There are 2 protein chains.
Amino acid sequence: MIKVLLYEDNPQLREGLSMLINGSDGFEVVAAFKNCDNAPDEVDIYQPDVILMDIDMPGTNGIQGLKNIREVNDKVKILMLTVFDDNKNVFEAIKSGANGYLLKKTPPGKLLDYIVEANSGGAPMSSNIATQVLRMFSDMNNTKGVDYALSDREKEVLQLLVNGFSYKMIASEMFIAIDTVRSHIKKIYEKLHVNSKSEAVAKAFKDKIV
Amino acid sequence: MIKVLLYEDNPQLREGLSMLINGSDGFEVVAAFKNCDNAPDEVDIYQPDVILMDIDMPGTNGIQGLKNIREVNDKVKILMLTVFDDNKNVFEAIKSGANGYLLKKTPPGKLLDYIVEANSGGAPMSSNIATQVLRMFSDMNNTKGVDYALSDREKEVLQLLVNGFSYKMIASEMFIAIDTVRSHIKKIYEKLHVNSKSEAVAKAFKDKIV
DNA sequence: CAAACAAATACATATTCATGCTATTGTGGC
DNA sequence: GCCACAATAGCATGAATATGTATTTGTTTG
């Protein structure tokens, strides 16, 4: 018997989900609430195996509820439910420890499968969500960054700037005159469209130049 | 009719997969190869919709094959097949543009579902793979970094430094005197063990303080 | 309430930066 | 050989930064 806890503000949908789940063998809705204001306590009381958590709720929303629960319980499986495959929320939910992310339009039969899957340690995701996750993943690790066409020498200087070297230190490190360092840096600023050392350093990090 | 291209070194498995797919309505195996040595050309010739790609193959392996194909074609859906849910390969495959990642023990019926799902833009993953991906994702983004015990005010200042603000700009932005800005920054430097703006900015990025 | 601490303010000074303009040298391509 | 360009170097000037020291005002915590 998989014990399910529901968080959904829409009364019709909450009732519908409860009936669907309670009417299926091996599932039981232990409780259902319309917001997450007391989620951690409720989880503690009802000891569910799986939580279905709506994202958009008045009061404490699903993402915050997820975080609150995860602060005290990282065992219960939490499936996020939403109408949109909103990039920002997906990302936030996943990094906050959600076990899956489903669209509300998920057909009822499939929803039960997903609950089972989550309960046994899987990570059910609606396929467009999964696609999005993979894309984020690959974006995050493949971004070569913009090409600012820095010369080798300029890259070297920028690298040293990033490492916190002063002009003087760069000069002695690279065996060139400090005025040369100045020239290089001026050129770097032009190419990066910045006008201070710290901006250059920040940009170097952001655009993964270094 | 979904056109499938197979890469699998084991002859039995290759035959088995071919028969399964060809024997199902709406699927057709356009070709099957035992390694990826000429994958990009073969993809070009056979124009498949979906590629099933074994990871462990002699010669050019699946990961490399994936990369080679993706250099010339980012439209074809590529499903990786493997016996292990090997962390490193999963990661590498995903960031190289795989559309899904399946374990070989996936039951035949489900495999066909997955092919359909990939063909329609989804990202099918065996559930333990999905779990792993989520975990990687959350590990990667939850690293709070070292705690330097910066005060709220100091964090605010550091944030502005990172955004390339000068002392003067920070002062007017935060409605405080420039001398106060100085004090805050000095304190930040002490806590971060640095002694220049650009070092502070670099450290803020590295340690994900901002 | 007192102690501890963060936030804010002030002043002084040496160093470092940003930016302008100019000029020489070396290298690769046409 | 000439051209374009990167790398080097020099000079000048005003702005910004780093660092020290010291005081006042709130807040939090024991």
# chains A, B, ... in the order shown; residues from 1 in each chain; ligands from 1

$ residues_around --residues "DT24 (chain D)" --least-positions-apart "2" --cutoff "10 Å" --atoms "only C-alpha atoms (C1' of nucleotides)" --output "ChimeraX atom specification"
/C:8-9 /D:26

$ closest_atom_pairs --of "chain B" --to "chain A" --cutoff "6 Å" --atoms "only C-alpha atoms" --output "tab-separated table"
residue	atom	partner	partner_atom	distance
B:Lys95	CA	A:Ser138	CA	4.0
B:Gly122	CA	A:Ser127	CA	4.6
B:Ala123	CA	A:Thr131	CA	4.8
B:Ser127	CA	A:Gly122	CA	4.6
B:Asn128	CA	A:Gly122	CA	5.5
B:Ala130	CA	A:Ala123	CA	5.3
B:Thr131	CA	A:Ala123	CA	4.8
B:Ser138	CA	A:Lys95	CA	4.1
B:Gly164	CA	A:Glu199	CA	4.7
B:Ser198	CA	A:Ser198	CA	4.5
B:Glu199	CA	A:Gly164	CA	4.6

$ write_last_selection --atoms "C-alpha atoms" --output "PDB file, in the first residue's frame"
ATOM      1  CA  LYS B  95      26.060  16.808 -22.499  1.00  0.00           C
ATOM      2  CA  GLY B 122      10.614  13.382 -25.551  1.00  0.00           C
ATOM      3  CA  ALA B 123      13.603  12.318 -23.516  1.00  0.00           C
ATOM      4  CA  SER B 127      14.103   5.395 -14.182  1.00  0.00           C
ATOM      5  CA  ASN B 128      17.369   4.768 -12.393  1.00  0.00           C
ATOM      6  CA  ALA B 130      16.613   9.645 -14.495  1.00  0.00           C
ATOM      7  CA  THR B 131      17.205   9.496 -10.770  1.00  0.00           C
ATOM      8  CA  SER B 138      20.989  18.891  -7.769  1.00  0.00           C
ATOM      9  CA  GLY B 164      31.090  45.943 -11.730  1.00  0.00           C
ATOM     10  CA  SER B 198      39.103  41.552  -8.622  1.00  0.00           C
ATOM     11  CA  GLU B 199      40.205  38.821  -6.237  1.00  0.00           C
TER      12      GLU B 199
END

$ closest_residue --among "B:Asp25, B:Leu52, B:Cys36, B:Asp179" --to "Val4 (chain B)" --atoms "only C-alpha atoms"
B:Leu52

$ atom_distance --atom1 "CA of Met80 (chain A)" --atom2 "CA of Asp56 (chain A)"
10.2 Å

$ closest_atom_pairs --of "chain D" --to "chain A" --cutoff "10 Å" --atoms "only C-alpha atoms (C1' of nucleotides)" --output "tab-separated table"
residue	atom	partner	partner_atom	distance
D:DA6	C1'	A:Ser151	CA	7.7
D:DA7	C1'	A:Arg153	CA	8.0
D:DT8	C1'	A:Thr180	CA	6.1
D:DA9	C1'	A:Thr180	CA	6.3
D:DG10	C1'	A:Asp179	CA	7.2
D:DC11	C1'	A:Asp179	CA	9.5

$ write_last_selection --atoms "N, CA and C atoms (P, O5', C5', C4', C3', O3' and C1' of nucleotides)" --output "PDB file, in the first residue's frame"
ATOM      1  P    DA D   6      45.361  41.963 -34.076  1.00  0.00           P
ATOM      2  O5'  DA D   6      46.282  41.140 -33.088  1.00  0.00           O
ATOM      3  C5'  DA D   6      46.900  39.928 -33.527  1.00  0.00           C
ATOM      4  C4'  DA D   6      48.259  39.795 -32.877  1.00  0.00           C
ATOM      5  C3'  DA D   6      48.263  40.100 -31.380  1.00  0.00           C
ATOM      6  O3'  DA D   6      48.972  39.065 -30.711  1.00  0.00           O
ATOM      7  C1'  DA D   6      49.876  41.439 -32.475  1.00  0.00           C
ATOM      8  P    DA D   7      49.034  39.110 -29.108  1.00  0.00           P
ATOM      9  O5'  DA D   7      50.420  39.821 -28.819  1.00  0.00           O
ATOM     10  C5'  DA D   7      51.598  39.272 -29.386  1.00  0.00           C
ATOM     11  C4'  DA D   7      52.771  40.166 -29.042  1.00  0.00           C
ATOM     12  C3'  DA D   7      52.790  40.641 -27.582  1.00  0.00           C
ATOM     13  O3'  DA D   7      54.024  40.240 -26.993  1.00  0.00           O
ATOM     14  C1'  DA D   7      53.157  42.435 -29.073  1.00  0.00           C
ATOM     15  P    DT D   8      54.298  40.630 -25.462  1.00  0.00           P
ATOM     16  O5'  DT D   8      55.109  42.000 -25.558  1.00  0.00           O
ATOM     17  C5'  DT D   8      56.328  42.038 -26.253  1.00  0.00           C
ATOM     18  C4'  DT D   8      56.772  43.468 -26.449  1.00  0.00           C
ATOM     19  C3'  DT D   8      56.877  44.302 -25.186  1.00  0.00           C
ATOM     20  O3'  DT D   8      58.205  44.291 -24.715  1.00  0.00           O
ATOM     21  C1'  DT D   8      56.004  45.527 -27.060  1.00  0.00           C
ATOM     22  P    DA D   9      58.490  44.919 -23.271  1.00  0.00           P
ATOM     23  O5'  DA D   9      58.443  46.492 -23.501  1.00  0.00           O
ATOM     24  C5'  DA D   9      59.278  47.080 -24.472  1.00  0.00           C
ATOM     25  C4'  DA D   9      58.975  48.567 -24.576  1.00  0.00           C
ATOM     26  C3'  DA D   9      58.816  49.275 -23.235  1.00  0.00           C
ATOM     27  O3'  DA D   9      59.971  50.075 -23.021  1.00  0.00           O
ATOM     28  C1'  DA D   9      57.216  50.008 -24.862  1.00  0.00           C
ATOM     29  P    DG D  10      60.170  50.850 -21.663  1.00  0.00           P
ATOM     30  O5'  DG D  10      59.512  52.289 -21.942  1.00  0.00           O
ATOM     31  C5'  DG D  10      59.885  53.001 -23.104  1.00  0.00           C
ATOM     32  C4'  DG D  10      59.059  54.281 -23.199  1.00  0.00           C
ATOM     33  C3'  DG D  10      58.854  54.985 -21.863  1.00  0.00           C
ATOM     34  O3'  DG D  10      59.446  56.275 -21.936  1.00  0.00           O
ATOM     35  C1'  DG D  10      56.829  54.849 -23.117  1.00  0.00           C
ATOM     36  P    DC D  11      59.555  57.201 -20.658  1.00  0.00           P
ATOM     37  O5'  DC D  11      58.231  58.080 -20.765  1.00  0.00           O
ATOM     38  C5'  DC D  11      57.955  58.795 -21.962  1.00  0.00           C
ATOM     39  C4'  DC D  11      56.728  59.658 -21.769  1.00  0.00           C
ATOM     40  C3'  DC D  11      56.539  60.196 -20.355  1.00  0.00           C
ATOM     41  O3'  DC D  11      56.123  61.537 -20.446  1.00  0.00           O
ATOM     42  C1'  DC D  11      54.607  59.057 -21.026  1.00  0.00           C
TER      43       DC D  11
END

$ interface_residues --of "chain C" --to "chain B" --cutoff "12 Å" --atoms "only C-alpha atoms (C1' of nucleotides)" --output "PyMOL selection string"
chain C and resi 5-11+15-17

$ write_last_selection --atoms "N, CA and C atoms (P, O5', C5', C4', C3', O3' and C1' of nucleotides)" --output "PDB file, in the first residue's frame"
ATOM      1  P    DC C   5      32.160  39.660  19.316  1.00  0.00           P
ATOM      2  O5'  DC C   5      31.236  40.323  18.208  1.00  0.00           O
ATOM      3  C5'  DC C   5      29.905  39.849  18.045  1.00  0.00           C
ATOM      4  C4'  DC C   5      29.133  40.775  17.122  1.00  0.00           C
ATOM      5  C3'  DC C   5      29.976  41.307  15.947  1.00  0.00           C
ATOM      6  O3'  DC C   5      29.205  41.191  14.765  1.00  0.00           O
ATOM      7  C1'  DC C   5      28.846  43.058  16.987  1.00  0.00           C
ATOM      8  P    DA C   6      29.945  41.187  13.348  1.00  0.00           P
ATOM      9  O5'  DA C   6      28.862  41.885  12.432  1.00  0.00           O
ATOM     10  C5'  DA C   6      27.490  41.580  12.618  1.00  0.00           C
ATOM     11  C4'  DA C   6      26.649  42.751  12.165  1.00  0.00           C
ATOM     12  C3'  DA C   6      27.114  43.364  10.850  1.00  0.00           C
ATOM     13  O3'  DA C   6      25.984  43.615  10.039  1.00  0.00           O
ATOM     14  C1'  DA C   6      27.078  45.018  12.551  1.00  0.00           C
ATOM     15  P    DA C   7      26.219  44.283   8.583  1.00  0.00           P
ATOM     16  O5'  DA C   7      25.989  45.816   8.908  1.00  0.00           O
ATOM     17  C5'  DA C   7      24.737  46.236   9.423  1.00  0.00           C
ATOM     18  C4'  DA C   7      24.741  47.742   9.539  1.00  0.00           C
ATOM     19  C3'  DA C   7      25.269  48.463   8.295  1.00  0.00           C
ATOM     20  O3'  DA C   7      24.309  49.422   7.881  1.00  0.00           O
ATOM     21  C1'  DA C   7      26.341  49.257  10.255  1.00  0.00           C
ATOM     22  P    DA C   8      24.573  50.216   6.488  1.00  0.00           P
ATOM     23  O5'  DA C   8      25.196  51.575   7.020  1.00  0.00           O
ATOM     24  C5'  DA C   8      24.434  52.370   7.914  1.00  0.00           C
ATOM     25  C4'  DA C   8      25.329  53.426   8.511  1.00  0.00           C
ATOM     26  C3'  DA C   8      26.083  54.272   7.477  1.00  0.00           C
ATOM     27  O3'  DA C   8      25.541  55.589   7.441  1.00  0.00           O
ATOM     28  C1'  DA C   8      27.421  53.689   9.376  1.00  0.00           C
ATOM     29  P    DT C   9      26.038  56.582   6.302  1.00  0.00           P
ATOM     30  O5'  DT C   9      27.251  57.332   7.009  1.00  0.00           O
ATOM     31  C5'  DT C   9      27.064  57.935   8.278  1.00  0.00           C
ATOM     32  C4'  DT C   9      28.389  58.415   8.823  1.00  0.00           C
ATOM     33  C3'  DT C   9      29.256  59.189   7.832  1.00  0.00           C
ATOM     34  O3'  DT C   9      29.247  60.566   8.176  1.00  0.00           O
ATOM     35  C1'  DT C   9      30.522  57.719   9.225  1.00  0.00           C
ATOM     36  P    DA C  10      29.841  61.654   7.169  1.00  0.00           P
ATOM     37  O5'  DA C  10      31.376  61.708   7.604  1.00  0.00           O
ATOM     38  C5'  DA C  10      31.719  61.931   8.976  1.00  0.00           C
ATOM     39  C4'  DA C  10      33.215  61.794   9.150  1.00  0.00           C
ATOM     40  C3'  DA C  10      34.052  62.375   7.995  1.00  0.00           C
ATOM     41  O3'  DA C  10      34.652  63.592   8.433  1.00  0.00           O
ATOM     42  C1'  DA C  10      34.929  60.306   8.837  1.00  0.00           C
ATOM     43  P    DC C  11      35.434  64.510   7.374  1.00  0.00           P
ATOM     44  O5'  DC C  11      36.940  63.989   7.479  1.00  0.00           O
ATOM     45  C5'  DC C  11      37.518  63.833   8.767  1.00  0.00           C
ATOM     46  C4'  DC C  11      38.945  63.323   8.635  1.00  0.00           C
ATOM     47  C3'  DC C  11      39.703  63.872   7.424  1.00  0.00           C
ATOM     48  O3'  DC C  11      40.993  64.256   7.843  1.00  0.00           O
ATOM     49  C1'  DC C  11      39.810  61.527   7.442  1.00  0.00           C
ATOM     50  P    DT C  15      53.749  53.933  -1.923  1.00  0.00           P
ATOM     51  O5'  DT C  15      52.692  53.066  -2.749  1.00  0.00           O
ATOM     52  C5'  DT C  15      51.833  52.187  -2.050  1.00  0.00           C
ATOM     53  C4'  DT C  15      50.725  51.731  -2.971  1.00  0.00           C
ATOM     54  C3'  DT C  15      51.193  51.359  -4.378  1.00  0.00           C
ATOM     55  O3'  DT C  15      50.897  49.989  -4.563  1.00  0.00           O
ATOM     56  C1'  DT C  15      49.221  52.699  -4.445  1.00  0.00           C
ATOM     57  P    DT C  16      51.299  49.237  -5.924  1.00  0.00           P
ATOM     58  O5'  DT C  16      49.918  49.336  -6.724  1.00  0.00           O
ATOM     59  C5'  DT C  16      48.704  49.113  -6.021  1.00  0.00           C
ATOM     60  C4'  DT C  16      47.528  49.395  -6.933  1.00  0.00           C
ATOM     61  C3'  DT C  16      47.718  48.908  -8.377  1.00  0.00           C
ATOM     62  O3'  DT C  16      46.554  48.188  -8.724  1.00  0.00           O
ATOM     63  C1'  DT C  16      46.985  51.150  -8.336  1.00  0.00           C
ATOM     64  P    DC C  17      46.468  47.324 -10.057  1.00  0.00           P
ATOM     65  O5'  DC C  17      45.329  48.092 -10.849  1.00  0.00           O
ATOM     66  C5'  DC C  17      45.093  49.422 -10.501  1.00  0.00           C
ATOM     67  C4'  DC C  17      43.778  49.908 -11.031  1.00  0.00           C
ATOM     68  C3'  DC C  17      43.481  49.538 -12.480  1.00  0.00           C
ATOM     69  O3'  DC C  17      42.073  49.587 -12.703  1.00  0.00           O
ATOM     70  C1'  DC C  17      44.039  51.841 -12.318  1.00  0.00           C
TER      71       DC C  17
END

$ select_by_dssp --residues "region 32-112 of chain A" --states "strand (DSSP E or B)" --output "list of chain:residue names"
A:Ala32, A:Phe33, A:Val50, A:Ile51, A:Leu52, A:Met53, A:Asp54, A:Lys77, A:Ile78, A:Leu79, A:Met80, A:Leu81, A:Thr82, A:Gly100, A:Tyr101, A:Leu102, A:Leu103

$ select_by_dssp --residues "region 75-209 of chain A" --states "alpha helix (DSSP H)" --output "VMD selection string"
chain A and resid 87 to 95 108 to 119 127 to 142 152 to 162 167 to 174 178 to 192 197 to 206

$ write_last_selection --atoms "C-alpha atoms" --output "PDB file, in the first residue's frame"
ATOM      1  CA  ASN A  87      11.915  26.381 -17.087  1.00  0.00           C
ATOM      2  CA  LYS A  88      12.665  28.289 -13.919  1.00  0.00           C
ATOM      3  CA  ASN A  89      10.416  26.235 -11.669  1.00  0.00           C
ATOM      4  CA  VAL A  90      11.622  22.931 -13.051  1.00  0.00           C
ATOM      5  CA  PHE A  91      15.163  23.926 -12.354  1.00  0.00           C
ATOM      6  CA  GLU A  92      14.389  25.213  -8.890  1.00  0.00           C
ATOM      7  CA  ALA A  93      12.354  22.134  -7.981  1.00  0.00           C
ATOM      8  CA  ILE A  94      14.982  19.708  -9.118  1.00  0.00           C
ATOM      9  CA  LYS A  95      17.801  21.360  -7.303  1.00  0.00           C
ATOM     10  CA  PRO A 108      -4.709   9.245 -14.771  1.00  0.00           C
ATOM     11  CA  GLY A 109      -3.410   5.789 -15.581  1.00  0.00           C
ATOM     12  CA  LYS A 110       0.047   7.120 -16.205  1.00  0.00           C
ATOM     13  CA  LEU A 111      -0.069   9.156 -13.006  1.00  0.00           C
ATOM     14  CA  LEU A 112      -0.458   5.972 -10.951  1.00  0.00           C
ATOM     15  CA  ASP A 113       2.480   4.429 -12.813  1.00  0.00           C
ATOM     16  CA  TYR A 114       4.531   7.480 -11.991  1.00  0.00           C
ATOM     17  CA  ILE A 115       3.631   7.259  -8.305  1.00  0.00           C
ATOM     18  CA  VAL A 116       4.775   3.660  -8.251  1.00  0.00           C
ATOM     19  CA  GLU A 117       7.928   4.589 -10.091  1.00  0.00           C
ATOM     20  CA  ALA A 118       8.721   7.374  -7.630  1.00  0.00           C
ATOM     21  CA  ASN A 119       7.982   5.091  -4.704  1.00  0.00           C
ATOM     22  CA  SER A 127       8.618  13.711 -21.445  1.00  0.00           C
ATOM     23  CA  ASN A 128       8.752  17.400 -22.290  1.00  0.00           C
ATOM     24  CA  ILE A 129      10.091  18.056 -18.815  1.00  0.00           C
ATOM     25  CA  ALA A 130      12.742  15.422 -19.307  1.00  0.00           C
ATOM     26  CA  THR A 131      13.723  16.980 -22.595  1.00  0.00           C
ATOM     27  CA  GLN A 132      14.020  20.328 -20.908  1.00  0.00           C
ATOM     28  CA  VAL A 133      16.158  18.918 -18.130  1.00  0.00           C
ATOM     29  CA  LEU A 134      18.505  17.332 -20.619  1.00  0.00           C
ATOM     30  CA  ARG A 135      18.750  20.548 -22.566  1.00  0.00           C
ATOM     31  CA  MET A 136      19.532  22.539 -19.433  1.00  0.00           C
ATOM     32  CA  PHE A 137      22.086  19.963 -18.510  1.00  0.00           C
ATOM     33  CA  SER A 138      23.783  20.051 -21.837  1.00  0.00           C
ATOM     34  CA  ASP A 139      23.614  23.840 -22.105  1.00  0.00           C
ATOM     35  CA  MET A 140      25.158  24.110 -18.721  1.00  0.00           C
ATOM     36  CA  ASN A 141      28.121  21.992 -19.603  1.00  0.00           C
ATOM     37  CA  ASN A 142      28.651  22.675 -23.229  1.00  0.00           C
ATOM     38  CA  ASP A 152      46.886  34.478 -26.841  1.00  0.00           C
ATOM     39  CA  ARG A 153      48.761  37.160 -25.030  1.00  0.00           C
ATOM     40  CA  GLU A 154      45.565  38.867 -23.982  1.00  0.00           C
ATOM     41  CA  LYS A 155      44.133  35.619 -22.698  1.00  0.00           C
ATOM     42  CA  GLU A 156      47.278  35.162 -20.646  1.00  0.00           C
ATOM     43  CA  VAL A 157      46.907  38.611 -19.130  1.00  0.00           C
ATOM     44  CA  LEU A 158      43.227  38.072 -18.429  1.00  0.00           C
ATOM     45  CA  GLN A 159      44.025  34.790 -16.746  1.00  0.00           C
ATOM     46  CA  LEU A 160      46.441  36.541 -14.434  1.00  0.00           C
ATOM     47  CA  LEU A 161      43.932  39.309 -13.739  1.00  0.00           C
ATOM     48  CA  VAL A 162      41.425  36.651 -12.745  1.00  0.00           C
ATOM     49  CA  TYR A 167      49.603  45.141 -13.194  1.00  0.00           C
ATOM     50  CA  LYS A 168      53.033  45.100 -11.611  1.00  0.00           C
ATOM     51  CA  MET A 169      52.790  41.422 -10.782  1.00  0.00           C
ATOM     52  CA  ILE A 170      51.601  40.595 -14.269  1.00  0.00           C
ATOM     53  CA  ALA A 171      54.513  42.518 -15.719  1.00  0.00           C
ATOM     54  CA  SER A 172      57.062  40.584 -13.723  1.00  0.00           C
ATOM     55  CA  GLU A 173      55.224  37.323 -14.237  1.00  0.00           C
ATOM     56  CA  MET A 174      55.200  37.778 -18.006  1.00  0.00           C
ATOM     57  CA  ILE A 178      54.073  47.412 -16.968  1.00  0.00           C
ATOM     58  CA  ASP A 179      53.101  49.726 -19.785  1.00  0.00           C
ATOM     59  CA  THR A 180      52.709  46.734 -22.011  1.00  0.00           C
ATOM     60  CA  VAL A 181      50.425  45.215 -19.439  1.00  0.00           C
ATOM     61  CA  ARG A 182      48.408  48.397 -19.593  1.00  0.00           C
ATOM     62  CA  SER A 183      48.105  48.189 -23.360  1.00  0.00           C
ATOM     63  CA  HIS A 184      46.996  44.588 -23.239  1.00  0.00           C
ATOM     64  CA  ILE A 185      44.439  45.300 -20.586  1.00  0.00           C
ATOM     65  CA  LYS A 186      43.067  48.263 -22.438  1.00  0.00           C
ATOM     66  CA  LYS A 187      42.649  46.042 -25.478  1.00  0.00           C
ATOM     67  CA  ILE A 188      40.958  43.379 -23.379  1.00  0.00           C
ATOM     68  CA  TYR A 189      38.527  45.911 -21.962  1.00  0.00           C
ATOM     69  CA  GLU A 190      37.654  47.041 -25.468  1.00  0.00           C
ATOM     70  CA  LYS A 191      37.038  43.503 -26.639  1.00  0.00           C
ATOM     71  CA  LEU A 192      35.026  42.584 -23.577  1.00  0.00           C
ATOM     72  CA  LYS A 197      39.316  45.012 -13.776  1.00  0.00           C
ATOM     73  CA  SER A 198      36.543  43.496 -11.706  1.00  0.00           C
ATOM     74  CA  GLU A 199      34.098  43.640 -14.577  1.00  0.00           C
ATOM     75  CA  ALA A 200      36.606  41.868 -16.768  1.00  0.00           C
ATOM     76  CA  VAL A 201      37.098  39.204 -14.126  1.00  0.00           C
ATOM     77  CA  ALA A 202      33.346  38.769 -13.706  1.00  0.00           C
ATOM     78  CA  LYS A 203      32.875  38.481 -17.443  1.00  0.00           C
ATOM     79  CA  ALA A 204      35.684  35.979 -17.681  1.00  0.00           C
ATOM     80  CA  PHE A 205      33.869  33.758 -15.238  1.00  0.00           C
ATOM     81  CA  LYS A 206      30.396  34.253 -16.638  1.00  0.00           C
TER      82      LYS A 206
END

$ atom_distance --atom1 "CA of Ala149 (chain B)" --atom2 "CA of Gln64 (chain A)"
24.2 Å

$ residues_around --residues "DA3 (chain C)" --least-positions-apart "4" --cutoff "12 Å" --atoms "only C-alpha atoms (C1' of nucleotides)" --output "PyMOL selection string"
chain D and resi 28-30

$ write_last_selection --atoms "N, CA and C atoms (P, O5', C5', C4', C3', O3' and C1' of nucleotides)" --output "compact mmCIF listing (two decimals), in the first residue's frame"
# COMPACT_ATOMS: atom_id res chain seq x y z
P DT D 28 17.45 42.65 16.17
O5' DT D 28 18.47 41.64 16.87
C5' DT D 28 19.69 41.31 16.21
C4' DT D 28 20.60 40.55 17.17
C3' DT D 28 19.90 39.46 18.00
O3' DT D 28 20.72 38.30 17.98
C1' DT D 28 21.11 40.90 19.42
P DT D 29 20.11 36.86 18.42
O5' DT D 29 21.03 36.45 19.65
C5' DT D 29 22.42 36.86 19.67
C4' DT D 29 22.96 36.76 21.08
C3' DT D 29 22.24 35.74 21.97
O3' DT D 29 23.20 35.02 22.73
C1' DT D 29 22.29 37.83 23.04
P DG D 30 22.79 33.65 23.39
O5' DG D 30 23.56 33.71 24.78
C5' DG D 30 24.91 34.18 24.84
C4' DG D 30 25.15 34.92 26.15
C3' DG D 30 24.76 34.12 27.40
O3' DG D 30 25.75 34.30 28.40
C1' DG D 30 23.65 36.19 27.39

$ closest_residue --among "A:Tyr101, A:Lys34, A:Glu71, A:Ile2" --to "Pro58 (chain A)" --atoms "only C-alpha atoms"
A:Lys34

$ residues_around --residues "region 6-11 of chain B" --least-positions-apart "3" --cutoff "8 Å" --atoms "only C-alpha atoms (C1' of nucleotides)" --output "PDB file with C-alpha atoms, in the first residue's frame"
ATOM      1  CA  ARG B  14      21.635  -6.759 -32.994  1.00  0.00           C
ATOM      2  CA  GLU B  15      19.534  -9.416 -34.679  1.00  0.00           C
ATOM      3  CA  SER B  18      16.153  -5.761 -35.536  1.00  0.00           C
ATOM      4  CA  VAL B  29      15.155  -0.813 -39.085  1.00  0.00           C
ATOM      5  CA  ALA B  31      20.298  -0.491 -41.141  1.00  0.00           C
ATOM      6  CA  ALA B  32      22.373  -1.979 -38.342  1.00  0.00           C
ATOM      7  CA  PHE B  33      26.102  -1.697 -37.741  1.00  0.00           C
ATOM      8  CA  LYS B  34      28.546  -3.170 -35.296  1.00  0.00           C
ATOM      9  CA  ASN B  35      30.447   0.041 -34.615  1.00  0.00           C
ATOM     10  CA  CYS B  36      30.391   3.788 -35.219  1.00  0.00           C
ATOM     11  CA  ILE B  51      19.229   5.858 -33.554  1.00  0.00           C
ATOM     12  CA  LEU B  52      19.726   3.150 -30.942  1.00  0.00           C
ATOM     13  CA  MET B  53      23.323   3.396 -29.922  1.00  0.00           C
ATOM     14  CA  ASP B  54      25.171   0.918 -27.781  1.00  0.00           C
ATOM     15  CA  MET B  57      31.525  -1.158 -28.790  1.00  0.00           C
ATOM     16  CA  PRO B  58      34.943  -2.035 -30.178  1.00  0.00           C
ATOM     17  CA  GLY B  62      28.905   4.925 -28.718  1.00  0.00           C
TER      18      GLY B  62
END
